[in-house]
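Here is the structure we will look at, set down as structure tokens.
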There are 2 protein chains.
Amino acid sequence: LLLANEVVDARRLGAVTARVTVAVDSEVTIAAAAAGGVREVVIDVNVGLPRCGCLPGDAGRLADLARSRGLSVRGVMGYEGHAAGLDDRATRARLTEDAMQQLLGAHADVGGELISAGATGTYDCNVWATEIQAGSYVLMDTAYARLGLPFRQALCLLATVISVSPGYAVADCGLKALGMDHGNPLIDAAQVLFCSDEHVTFVPEHTVRVGERIRVWPAHVDPTVAYHEWIHVVTGDEVVETWPVDLRGW
Amino acid sequence: LLLANEVVDARRLGAVTARVTVAVDSEVTIAAAAAGGVREVVIDVNVGLPRCGCLPGDAGRLADLARSRGLSVRGVMGYEGHAAGLDDRATRARLTEDAMQQLLGAHADVGGELISAGATGTYDCNVWATEIQAGSYVLMDTAYARLGLPFRQALCLLATVISVSPGYAVADCGLKALGMDHGNPLIDAAQVLFCSDEHVTFVPEHTVRVGERIRVWPAHVDPTVAYHEWIHVVTGDEVVETWPVDLRGW
């Protein structure tokens with residue numbers, strides 16, 4: 001298991017029986033990993049997205065520090081998130097190469113077998129990483145769908161139409177059920193007007209009836225999944241499995 | 001209990017032992033209330049926000065239909081949500097009056113003791129409703145705070161700084177923990193740059209350290225609460241109560 005994130009209290013991770021690798025980018029997170037019983041880390045390197053990750057020039061020093069604390073350093077990771085969502089593939093590829101040149105420079109100082117990077121939007125632009133951290137491609141969302149990637153949208157909310165008025169209708173899923181940072185969801189054969197707490201108001205192309213079920217396609221799959229307790233896996237209209245979700249509040 | 005919303009399957013509500021009133025705005029939702037064992041309804045009237053609610057001129061007919069199905073009709077409700085969030089108080093008041101004139105017209109046809117309306121943003125502009133449906137004022141958020149209402153923000157997320165870089169820092173709450181439809185949250189003495197799935201990147205005015213706790217104020221309280229499992233009630237730094245939240249996926 002790779003936790004591609006920093007933590008300041010690693011005790012629960014250290015207690016997991018599986019092989020666990022945790023990202024570190026500072027003296028505090030290295031100390032937390034060592035104190036928490038984690039054995040393997042990667043050095044998280046900032047490659048252009050202002051988020052976690054050390055400066056590329058600090059990676060070697062932090063790797064040495066981690067090793068001096070008894071940690072095994074498996075290599076580096078760097079997330080080119082500033083490139084992954086861009087519409088133009090050539091720009092995605094260029095920014096990914098810039099980012100990976102920085103990561104390779106840091107890797108030269110750090111060592112280890114792992115160069116972990118990438119995202120669904122750059123899964124095939126990134127030819128430098130030895131491990132691609134693409135996740136959204138499994139479910140996809142409308143934000144990634146517009147990039148023309150060869151993955152199909154699999155995740156939708158099955159909502160119920162609860163009110164029909166002249167010119168528009170309302171279904172029972174809204175802000176409490178949908179990741180909204182990438183904007184409104186889509187509804188097949190309809191124009192979405194706006195979402196409120198428990199509602200989506202939309203203009204259907206064809207007549208809809210109160211009680212009818214409709215599919216609502218989220219703009220951003222990651223937070224959307226976190227807002228739900230279960231995922232129902234369907235083939236056609238048949239529910240073949242139901243999986244619990246435990247991501248609330250992360 | 002007033003469920004200020006339409007449902008097409010009212011069986012769980014009909015089975016509740018408390019006094020339950022449910023909003024209806026169509027023949028289907030009236031039939032669902034009757035079939036589900038609900039005894040009391042209000043006629044939901046569209047007063048300007050394109051969401052649920054019948055046309056004002058249909059309210060009397062629907063009330064008669066509900067009574068013919070054995071339901072007690074307590075009155076009307078109409079939500080002036082298109083007015084509640086507007087910056088200018090005079091505009092809020094004018095739109096509220098327009099909305100309430102429509103609701104009073106519908107009430108004349110419906111009868112009953114209840115004229116239920118209002119929101120935190122119009123709690124004192126609305127002098128026509130007999131019951132104000134204000135809820136956010138208890139906790140407040142940054143979207144309502146900018147309206148200058150006499151209520152204080154009480155709800156924040158306590159996040160942990162997990163990474164500090166030259167010029168900015170990252171804390172461990174993001175899109176999975178924050179209602180984002182009204183935009184980024186605020187952080188005291190800092191400028192928020194952006195949120196990602198599990199992160200908020202911000203520029204602090206003073207030095208922050210990895211491991212430090214910071215308060216993050218959500219832009220929209222309703223979905224934010226729904227994304228969490230517990231609310232901790234605090235006085236100063238002391239947790240005096242912890243309440244479970246069961247709003248996931250609504």
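Ordering of the structure tokens sets the chain letters (A, B, ...), residue numbers begin anew at 1 in every chain, and ligands are numbered from 1 in the order given.
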
What are the closest atom pairs, with distances in Å to one decimal, for all residues of chain A lying within 8 Å of chain B? Consider only C-alpha atoms, order rows by chain and residue number, and present the result as a Markdown table.
```
| residue | atom | partner | partner_atom | distance |
| --- | --- | --- | --- | --- |
| A:Glu6 | CA | B:Ile162 | CA | 6.0 |
| A:Val7 | CA | B:Ile162 | CA | 6.3 |
| A:Val8 | CA | B:Gly211 | CA | 6.0 |
| A:Asp25 | CA | B:Ser163 | CA | 7.2 |
| A:Ser26 | CA | B:Ser163 | CA | 7.3 |
| A:Val28 | CA | B:Val210 | CA | 6.6 |
| A:Thr29 | CA | B:Ile162 | CA | 7.7 |
| A:Pro50 | CA | B:Thr201 | CA | 7.3 |
| A:Arg51 | CA | B:Val170 | CA | 6.1 |
| A:Cys52 | CA | B:Ser163 | CA | 5.5 |
| A:Gly53 | CA | B:Ser163 | CA | 7.4 |
| A:Cys54 | CA | B:Ser165 | CA | 7.1 |
| A:Leu55 | CA | B:Ser165 | CA | 7.9 |
| A:Ile162 | CA | B:Glu6 | CA | 6.0 |
| A:Ser163 | CA | B:Cys52 | CA | 5.5 |
| A:Val164 | CA | B:Cys52 | CA | 7.5 |
| A:Ser165 | CA | B:Cys54 | CA | 7.1 |
| A:Tyr168 | CA | B:Pro50 | CA | 7.8 |
| A:Ala169 | CA | B:Arg51 | CA | 7.3 |
| A:Val170 | CA | B:Arg51 | CA | 6.1 |
| A:Asp172 | CA | B:Trp250 | CA | 7.8 |
| A:Cys173 | CA | B:Trp250 | CA | 6.5 |
| A:Gly174 | CA | B:Trp250 | CA | 7.5 |
| A:Leu175 | CA | B:Pro223 | CA | 5.8 |
| A:Lys176 | CA | B:Pro223 | CA | 4.7 |
| A:Ala177 | CA | B:Gly249 | CA | 4.7 |
| A:Gly179 | CA | B:Leu175 | CA | 7.3 |
| A:Met180 | CA | B:Asp181 | CA | 5.5 |
| A:Asp181 | CA | B:Met180 | CA | 5.5 |
| A:Gly183 | CA | B:Asp181 | CA | 7.6 |
| A:Asp197 | CA | B:Pro223 | CA | 6.5 |
| A:Glu198 | CA | B:Trp250 | CA | 6.1 |
| A:His199 | CA | B:Arg51 | CA | 7.8 |
| A:Thr201 | CA | B:Arg51 | CA | 6.1 |
| A:Val210 | CA | B:Val28 | CA | 6.6 |
| A:Gly211 | CA | B:Val8 | CA | 5.9 |
| A:Asp222 | CA | B:Asp197 | CA | 6.9 |
| A:Pro223 | CA | B:Lys176 | CA | 4.7 |
| A:Thr224 | CA | B:Lys176 | CA | 7.8 |
| A:Ala226 | CA | B:Lys176 | CA | 6.1 |
| A:Tyr227 | CA | B:Gly249 | CA | 5.7 |
| A:His228 | CA | B:Gly249 | CA | 4.9 |
| A:Glu229 | CA | B:Arg248 | CA | 7.0 |
| A:Leu247 | CA | B:Lys176 | CA | 7.9 |
| A:Arg248 | CA | B:His228 | CA | 5.9 |
| A:Gly249 | CA | B:Ala177 | CA | 4.7 |
| A:Trp250 | CA | B:Lys176 | CA | 5.6 |
```

Please dump the current selection as a PDB file, in the first residue's frame; keep C-alpha atoms.
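Wrote part.pdb, looks like this:
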```pdb
ATOM      1  CA  GLU A   6       2.051  13.259   4.321  1.00  0.00           C
ATOM      2  CA  VAL A   7       0.913  12.427   7.847  1.00  0.00           C
ATOM      3  CA  VAL A   8       2.035  13.818  11.186  1.00  0.00           C
ATOM      4  CA  ASP A  25       8.584  15.781   2.578  1.00  0.00           C
ATOM      5  CA  SER A  26       9.935  17.279   5.806  1.00  0.00           C
ATOM      6  CA  VAL A  28       8.523  16.377  10.915  1.00  0.00           C
ATOM      7  CA  THR A  29       6.880  13.834   8.601  1.00  0.00           C
ATOM      8  CA  PRO A  50       2.000  24.134  -5.153  1.00  0.00           C
ATOM      9  CA  ARG A  51       0.960  21.465  -2.709  1.00  0.00           C
ATOM     10  CA  CYS A  52       2.920  18.935  -0.669  1.00  0.00           C
ATOM     11  CA  GLY A  53       6.433  17.934  -1.709  1.00  0.00           C
ATOM     12  CA  CYS A  54       9.904  19.225  -0.926  1.00  0.00           C
ATOM     13  CA  LEU A  55      12.005  21.364  -3.253  1.00  0.00           C
ATOM     14  CA  ILE A 162     -39.664  14.523  -7.404  1.00  0.00           C
ATOM     15  CA  SER A 163     -41.225  17.560  -9.100  1.00  0.00           C
ATOM     16  CA  VAL A 164     -42.104  18.578 -12.661  1.00  0.00           C
ATOM     17  CA  SER A 165     -42.995  22.156 -13.629  1.00  0.00           C
ATOM     18  CA  TYR A 168     -38.100  22.136 -16.022  1.00  0.00           C
ATOM     19  CA  ALA A 169     -37.973  19.342 -13.469  1.00  0.00           C
ATOM     20  CA  VAL A 170     -36.261  18.569 -10.154  1.00  0.00           C
ATOM     21  CA  ASP A 172     -33.466  14.401  -5.534  1.00  0.00           C
ATOM     22  CA  CYS A 173     -29.683  14.651  -5.622  1.00  0.00           C
ATOM     23  CA  GLY A 174     -27.748  17.807  -4.954  1.00  0.00           C
ATOM     24  CA  LEU A 175     -24.814  19.333  -3.093  1.00  0.00           C
ATOM     25  CA  LYS A 176     -24.838  16.700  -0.364  1.00  0.00           C
ATOM     26  CA  ALA A 177     -24.321  13.968  -2.963  1.00  0.00           C
ATOM     27  CA  GLY A 179     -18.526  16.888  -5.771  1.00  0.00           C
ATOM     28  CA  MET A 180     -19.138  20.432  -7.011  1.00  0.00           C
ATOM     29  CA  ASP A 181     -15.655  21.964  -7.371  1.00  0.00           C
ATOM     30  CA  GLY A 183     -19.213  22.503 -11.523  1.00  0.00           C
ATOM     31  CA  ASP A 197     -28.618  21.075  -1.117  1.00  0.00           C
ATOM     32  CA  GLU A 198     -30.819  18.087  -1.997  1.00  0.00           C
ATOM     33  CA  HIS A 199     -31.967  19.005  -5.525  1.00  0.00           C
ATOM     34  CA  THR A 201     -33.020  21.465 -11.361  1.00  0.00           C
ATOM     35  CA  VAL A 210     -42.535  12.402 -11.068  1.00  0.00           C
ATOM     36  CA  GLY A 211     -41.139   9.122  -9.771  1.00  0.00           C
ATOM     37  CA  ASP A 222     -13.266  11.599  -6.078  1.00  0.00           C
ATOM     38  CA  PRO A 223     -15.258  13.766  -3.654  1.00  0.00           C
ATOM     39  CA  THR A 224     -18.543  12.376  -5.002  1.00  0.00           C
ATOM     40  CA  ALA A 226     -16.549  10.096  -0.546  1.00  0.00           C
ATOM     41  CA  TYR A 227     -20.046  11.506   0.081  1.00  0.00           C
ATOM     42  CA  HIS A 228     -21.728   8.104  -0.215  1.00  0.00           C
ATOM     43  CA  GLU A 229     -21.947   5.044   1.954  1.00  0.00           C
ATOM     44  CA  LEU A 247     -13.899   7.948   2.852  1.00  0.00           C
ATOM     45  CA  ARG A 248     -16.108  10.375   4.770  1.00  0.00           C
ATOM     46  CA  GLY A 249     -14.423  13.506   6.065  1.00  0.00           C
ATOM     47  CA  TRP A 250     -10.979  12.845   4.552  1.00  0.00           C
TER      48      TRP A 250
END
```

task: Once DSSP has gone over the backbone, tell me which residues of stretch 60-248 of chain A are in strand (DSSP E or B), as number ranges by chain.
output: A: 72-78, 114-117, 131-132, 157-165, 168-171, 186-187, 190-196, 199-204, 213-217, 230-235, 238-244

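Note that atom CA of A:Arg152 and atom CA of A:Glu238 are 19.0 Å apart.
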
- prompt: Counting only C-alpha atoms, what is within 6 Å of stretch 135-148 of chain B, bar same-chain residues fewer than 4 positions away, as a PyMOL selection string?
  reply: chain B and resi 87+120+153-155+218-221

task: Measure the distance from atom CA of A:Ile132 to atom CA of A:Thr235 in Å and round it to one decimal.
output: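 If I compute the distance from atom CA of A:Ile132 to atom CA of A:Thr235, I get 28.3 Å.
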
task: Would you list the contacts of A:Glu80 as a ChimeraX atom specification, taking every protein, DNA or RNA residue within 12 Å and counting only C-alpha atoms, but skipping same-chain residues closer than 2 positions in sequence?
output: /A:44-53,77-78,82-86,92-103,116-123,125-126,129,132-134

task: Determine which residues of stretch 194-224 of chain A receive a DSSP assignment of alpha helix (DSSP H), computed from the backbone, and state them as a PyMOL selection string.
output: chain A and resi 221-224

Serialized selection, all heavy atoms, as a CSV table (one decimal), in the first residue's frame:
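That gives us again_17.csv:
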```
chain,number,residue,atom,x,y,z
A,221,VAL,N,-15.3,12.8,-9.7
A,221,VAL,CA,-15.7,11.5,-9.1
A,221,VAL,C,-15.1,11.4,-7.6
A,221,VAL,O,-15.8,10.8,-6.8
A,221,VAL,CB,-15.2,10.4,-10.0
A,221,VAL,CG1,-13.7,10.2,-10.0
A,221,VAL,CG2,-15.9,9.1,-9.7
A,222,ASP,N,-13.9,11.9,-7.4
A,222,ASP,CA,-13.3,11.6,-6.1
A,222,ASP,C,-14.1,12.1,-4.9
A,222,ASP,O,-14.4,11.3,-4.0
A,222,ASP,CB,-11.9,12.2,-6.0
A,222,ASP,CG,-11.1,12.0,-7.3
A,222,ASP,OD1,-11.6,12.3,-8.4
A,222,ASP,OD2,-9.9,11.6,-7.2
A,223,PRO,N,-14.4,13.4,-4.8
A,223,PRO,CA,-15.3,13.8,-3.7
A,223,PRO,C,-16.6,13.2,-3.7
A,223,PRO,O,-17.2,12.8,-2.7
A,223,PRO,CB,-15.3,15.3,-3.8
A,223,PRO,CG,-14.9,15.6,-5.1
A,223,PRO,CD,-14.0,14.5,-5.6
A,224,THR,N,-17.2,13.0,-4.9
A,224,THR,CA,-18.5,12.4,-5.0
A,224,THR,C,-18.6,11.0,-4.3
A,224,THR,O,-19.5,10.7,-3.5
A,224,THR,CB,-19.0,12.3,-6.5
A,224,THR,OG1,-19.0,13.6,-7.1
A,224,THR,CG2,-20.3,11.6,-6.6
```
